[in-house]
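K.L.:
I'd like to ask some things about the structure below.
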Amino acid sequence: MPSLGEQLRTLRAAPVSLGLLANTALMTGSMMMLTYLAPVLAETASAGVGQRAVTFSLSGVAGMVGIWLGGVAVDRWGADRTLTVGIAGIGASMVCLWLLWLARPVPFAVLLALGTVWGGLSFLNSPRSRPGCTPSPGLSLRRRWP
């Protein structure tokens with residue numbers, strides 16, 4: 001196990017620090033969206049409390065699936081490509097949400113689908129914890145994805 005000094009030096013390395021800062025910005029931004037999701041649903045699709053609850057629930061379930069798919073994607077594509085796909089997808093979903101705001105009122109089902117996709121992509125950013133770390137063959141899910 002590396003000493004505390006070695007761990008701190010690793011954290012201070014430019015690629016690691018940049019990755020941590022980017023991940024912090026991404027997660028902060030995607031969680032900030034949750035603050036505004038309920039009013040956007042109410043104003044854009046006249047969604048009631050029950051519909052908003054369903055949207056938040058599906059977004060959360062999609063987030064859990066996104067965490068798992070992020071791990072699979074990192075094994076298959078690598079961390080950089082996975083993060084790029086996730087960030088691009090979040091950006092595209094935010095642009096779609098803005099366009100739907102401009103086009104309001106829109107059907108609730110459209111916002112439900114977009115909220116679910118956004119929730120999954122928000123958690124697709126799960127790169128490996130250490131450079132050069134490879135998954136254990138017994139634990140890897142890669143074999144299930146030809």
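Ligands are numbered from 1 in the order shown, chains are lettered A, B, ... in the order of the structure tokens, and residues start at 1 in each chain.
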Show me, as a list in words, the residues that have an atom within 9 Å of Val49 in chain A when counting only C-alpha atoms, minus same-chain residues fewer than 5 positions from it.

P.N.:
Ala38, Ala42 and Val54 of chain A

K.L.:
I'd like the neighbourhood of Gly89 in chain A as a VMD selection string, where a residue qualifies if any of its atoms comes within 9 Å (using only C-alpha atoms), though same-chain residues fewer than 3 positions away should be ignored.

P.N.:
chain A and resid 84 to 86 92 to 94 117 to 118 121 to 122

K.L.:
Between CA of Thr24 in chain A and CA of Val110 in chain A, measure the distance and give it in Å to one decimal.

P.N.:
28.7 Å

K.L.:
Within 10 Å of Trp68 in chain A, counting only C-alpha atoms, which residues show up once you throw out same-chain ones fewer than 2 positions away? Write them as a VMD selection string, please.

P.N.:
chain A and resid 62 to 66 70 to 73 120 123 to 124 126 141

K.L.:
Residues within 7 Å of Phe108 in chain A, please, as a PyMOL selection string. Count only C-alpha atoms; anything in the same chain fewer than 3 positions from it doesn't count.

P.N.:
chain A and resi 45+47+111-112

K.L.:
Could those residues be written to a file, using N, CA and C atoms, as a PDB file, in the first residue's frame?

P.N.:
ATOM      1  N   ALA A  45     -44.689  20.997 -18.939  1.00  0.00           N
ATOM      2  CA  ALA A  45     -45.662  19.955 -19.286  1.00  0.00           C
ATOM      3  C   ALA A  45     -46.852  19.929 -18.336  1.00  0.00           C
ATOM      4  N   ALA A  47     -46.921  19.183 -15.339  1.00  0.00           N
ATOM      5  CA  ALA A  47     -46.809  17.920 -14.606  1.00  0.00           C
ATOM      6  C   ALA A  47     -47.221  18.122 -13.154  1.00  0.00           C
ATOM      7  N   LEU A 111     -40.713  14.762 -21.671  1.00  0.00           N
ATOM      8  CA  LEU A 111     -39.858  15.175 -20.554  1.00  0.00           C
ATOM      9  C   LEU A 111     -39.472  13.994 -19.669  1.00  0.00           C
ATOM     10  N   LEU A 112     -40.371  13.038 -19.534  1.00  0.00           N
ATOM     11  CA  LEU A 112     -40.058  11.846 -18.756  1.00  0.00           C
ATOM     12  C   LEU A 112     -38.908  11.075 -19.393  1.00  0.00           C
TER      13      LEU A 112
END

K.L.:
Give one line per residue of range 67-120 of chain A that approaches range 7-22 of chain A to at most 12 Å, naming the two atoms of the closest pair and their distance in Å to one decimal, counting only C-alpha atoms; sort by chain then ascending residue number and deliver it as CSV.

P.N.:
residue,atom,partner,partner_atom,distance
A:Ala79,CA,A:Gly19,CA,10.4
A:Asp80,CA,A:Gly19,CA,9.8
A:Leu83,CA,A:Ala22,CA,9.9
A:Thr84,CA,A:Ala22,CA,11.3
A:Ile87,CA,A:Ala22,CA,10.1

K.L.:
To one decimal place in Å, what is the distance between CA of Ser30 in chain A and CA of Trp77 in chain A?

P.N.:
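Result for CA of Ser30 in chain A versus CA of Trp77 in chain A: 22.8 Å, one decimal.
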
K.L.:
May I have the residues within 10 Å of Ala113 in chain A as a PDB file with all heavy atoms, in the first residue's frame, using only C-alpha atoms and disregarding those fewer than 6 positions away in the same chain?

P.N.:
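The result, written out as part.pdb:
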ATOM      1  N   THR A  55     -40.900  11.054 -12.527  1.00  0.00           N
ATOM      2  CA  THR A  55     -39.711  11.527 -13.252  1.00  0.00           C
ATOM      3  C   THR A  55     -38.467  11.424 -12.383  1.00  0.00           C
ATOM      4  O   THR A  55     -37.423  10.932 -12.830  1.00  0.00           O
ATOM      5  CB  THR A  55     -39.913  12.975 -13.722  1.00  0.00           C
ATOM      6  OG1 THR A  55     -41.097  13.049 -14.509  1.00  0.00           O
ATOM      7  CG2 THR A  55     -38.716  13.446 -14.542  1.00  0.00           C
ATOM      8  N   LEU A  58     -37.588   7.603 -11.926  1.00  0.00           N
ATOM      9  CA  LEU A  58     -36.952   7.002 -13.106  1.00  0.00           C
ATOM     10  C   LEU A  58     -35.557   7.568 -13.342  1.00  0.00           C
ATOM     11  O   LEU A  58     -34.651   6.845 -13.760  1.00  0.00           O
ATOM     12  CB  LEU A  58     -37.821   7.202 -14.344  1.00  0.00           C
ATOM     13  CG  LEU A  58     -39.031   6.288 -14.449  1.00  0.00           C
ATOM     14  CD1 LEU A  58     -39.843   6.618 -15.691  1.00  0.00           C
ATOM     15  CD2 LEU A  58     -38.621   4.836 -14.456  1.00  0.00           C
ATOM     16  N   SER A  59     -35.377   8.846 -13.065  1.00  0.00           N
ATOM     17  CA  SER A  59     -34.055   9.444 -13.195  1.00  0.00           C
ATOM     18  C   SER A  59     -33.069   8.790 -12.218  1.00  0.00           C
ATOM     19  O   SER A  59     -31.922   8.518 -12.569  1.00  0.00           O
ATOM     20  CB  SER A  59     -34.139  10.953 -12.944  1.00  0.00           C
ATOM     21  OG  SER A  59     -32.879  11.532 -12.984  1.00  0.00           O
ATOM     22  N   GLY A 119     -30.667  11.351 -16.355  1.00  0.00           N
ATOM     23  CA  GLY A 119     -30.286  10.719 -15.098  1.00  0.00           C
ATOM     24  C   GLY A 119     -29.244   9.626 -15.293  1.00  0.00           C
ATOM     25  O   GLY A 119     -28.304   9.500 -14.507  1.00  0.00           O
TER      26      GLY A 119
END

K.L.:
From chain A, collect each residue whose DSSP state is helix (DSSP H, G or I) and return the set as a compact mmCIF listing (two decimals) with C-alpha atoms, in the first residue's frame.

P.N.:
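Writing done, so here's out_18.txt:
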# COMPACT_ATOMS: atom_id res chain seq x y z
CA LEU A 4 0.30 8.89 2.57
CA GLY A 5 2.99 11.04 0.94
CA GLU A 6 2.86 8.97 -2.25
CA GLN A 7 -0.94 9.17 -2.30
CA LEU A 8 -0.84 12.96 -1.90
CA ARG A 9 1.74 13.26 -4.71
CA THR A 10 -0.54 11.21 -6.93
CA LEU A 11 -3.50 13.46 -6.13
CA ARG A 12 -1.41 16.56 -6.92
CA ALA A 14 -1.91 17.42 -13.06
CA PRO A 15 -3.95 14.69 -14.84
CA VAL A 16 -5.40 13.40 -11.58
CA SER A 17 -6.20 16.87 -10.23
CA LEU A 18 -7.76 17.92 -13.53
CA GLY A 19 -9.84 14.75 -13.65
CA LEU A 20 -11.06 15.26 -10.09
CA LEU A 21 -11.93 18.90 -10.77
CA ALA A 22 -13.75 18.01 -13.99
CA ASN A 23 -15.69 15.26 -12.24
CA THR A 24 -16.60 17.65 -9.41
CA ALA A 25 -17.86 20.25 -11.92
CA LEU A 26 -19.82 17.60 -13.83
CA MET A 27 -21.48 16.15 -10.74
CA THR A 28 -22.20 19.58 -9.25
CA GLY A 29 -23.79 20.72 -12.50
CA SER A 30 -25.89 17.60 -12.93
CA MET A 31 -27.06 17.69 -9.31
CA MET A 32 -27.87 21.40 -9.66
CA MET A 33 -30.28 20.41 -12.41
CA LEU A 34 -32.30 18.49 -9.83
CA THR A 35 -33.01 21.80 -8.08
CA TYR A 36 -34.83 23.08 -11.14
CA LEU A 37 -36.35 19.87 -12.49
CA ALA A 38 -39.66 20.07 -10.60
CA PRO A 39 -40.48 23.65 -11.64
CA VAL A 40 -39.43 22.93 -15.24
CA LEU A 41 -41.71 19.87 -15.33
CA ALA A 42 -44.59 21.87 -13.88
CA GLU A 43 -44.20 24.77 -16.30
CA THR A 44 -43.21 22.87 -19.43
CA ALA A 45 -45.66 19.96 -19.29
CA VAL A 49 -46.85 16.07 -8.11
CA GLY A 50 -47.29 12.40 -9.04
CA GLN A 51 -45.78 12.88 -12.49
CA ARG A 52 -42.83 14.76 -11.04
CA ALA A 53 -42.31 11.94 -8.52
CA VAL A 54 -42.25 9.39 -11.35
CA THR A 55 -39.71 11.53 -13.25
CA PHE A 56 -37.41 11.78 -10.24
CA SER A 57 -37.76 8.06 -9.55
CA LEU A 58 -36.95 7.00 -13.11
CA SER A 59 -34.05 9.44 -13.19
CA GLY A 60 -32.67 7.84 -10.02
CA VAL A 61 -33.05 4.30 -11.34
CA ALA A 62 -31.42 5.40 -14.60
CA GLY A 63 -28.57 6.86 -12.53
CA MET A 64 -27.96 3.48 -10.90
CA VAL A 65 -27.97 1.80 -14.30
CA GLY A 66 -25.65 4.56 -15.56
CA ILE A 67 -23.13 3.78 -12.81
CA TRP A 68 -23.05 0.15 -13.87
CA LEU A 69 -22.92 0.98 -17.60
CA GLY A 70 -20.15 3.49 -16.89
CA GLY A 71 -18.03 0.71 -15.43
CA VAL A 72 -18.75 -1.54 -18.40
CA ALA A 73 -17.99 1.32 -20.82
CA VAL A 74 -14.69 2.08 -19.09
CA ASP A 75 -13.68 -1.57 -19.42
CA ARG A 76 -14.60 -1.52 -23.10
CA TRP A 77 -13.76 2.04 -24.29
CA ALA A 79 -12.09 6.27 -19.17
CA ASP A 80 -11.50 9.17 -21.58
CA ARG A 81 -13.99 8.02 -24.20
CA THR A 82 -16.58 7.11 -21.55
CA LEU A 83 -16.32 10.53 -19.93
CA THR A 84 -16.53 12.22 -23.32
CA VAL A 85 -19.69 10.30 -24.23
CA GLY A 86 -21.24 11.01 -20.83
CA ILE A 87 -20.44 14.71 -20.85
CA ALA A 88 -21.58 15.13 -24.47
CA GLY A 89 -24.82 13.32 -23.65
CA ILE A 90 -25.49 15.52 -20.63
CA GLY A 91 -24.81 18.62 -22.70
CA ALA A 92 -27.13 17.43 -25.46
CA SER A 93 -29.90 16.60 -22.98
CA MET A 94 -29.57 20.05 -21.41
CA VAL A 95 -29.88 21.69 -24.84
CA CYS A 96 -32.96 19.54 -25.55
CA LEU A 97 -34.45 20.56 -22.23
CA TRP A 98 -33.90 24.22 -23.05
CA LEU A 99 -35.48 23.77 -26.50
CA LEU A 100 -38.47 22.04 -24.92
CA TRP A 101 -38.79 24.96 -22.51
CA LEU A 102 -38.98 27.31 -25.48
CA PHE A 108 -45.13 14.92 -20.28
CA ALA A 109 -43.85 11.67 -21.86
CA VAL A 110 -41.18 13.62 -23.76
CA LEU A 111 -39.86 15.18 -20.55
CA LEU A 112 -40.06 11.85 -18.76
CA ALA A 113 -37.90 10.19 -21.41
CA LEU A 114 -35.43 13.08 -21.44
CA GLY A 115 -35.20 13.10 -17.63
CA THR A 116 -34.51 9.38 -17.61
CA VAL A 117 -31.76 9.64 -20.22
CA TRP A 118 -30.25 12.63 -18.41
CA GLY A 119 -30.29 10.72 -15.10
CA GLY A 120 -28.43 7.77 -16.62
CA LEU A 121 -25.84 9.91 -18.37
CA SER A 122 -25.20 11.96 -15.23
CA ARG A 142 -16.82 -7.50 -19.94
CA ARG A 143 -17.32 -11.16 -20.79
CA ARG A 144 -21.07 -10.53 -20.95
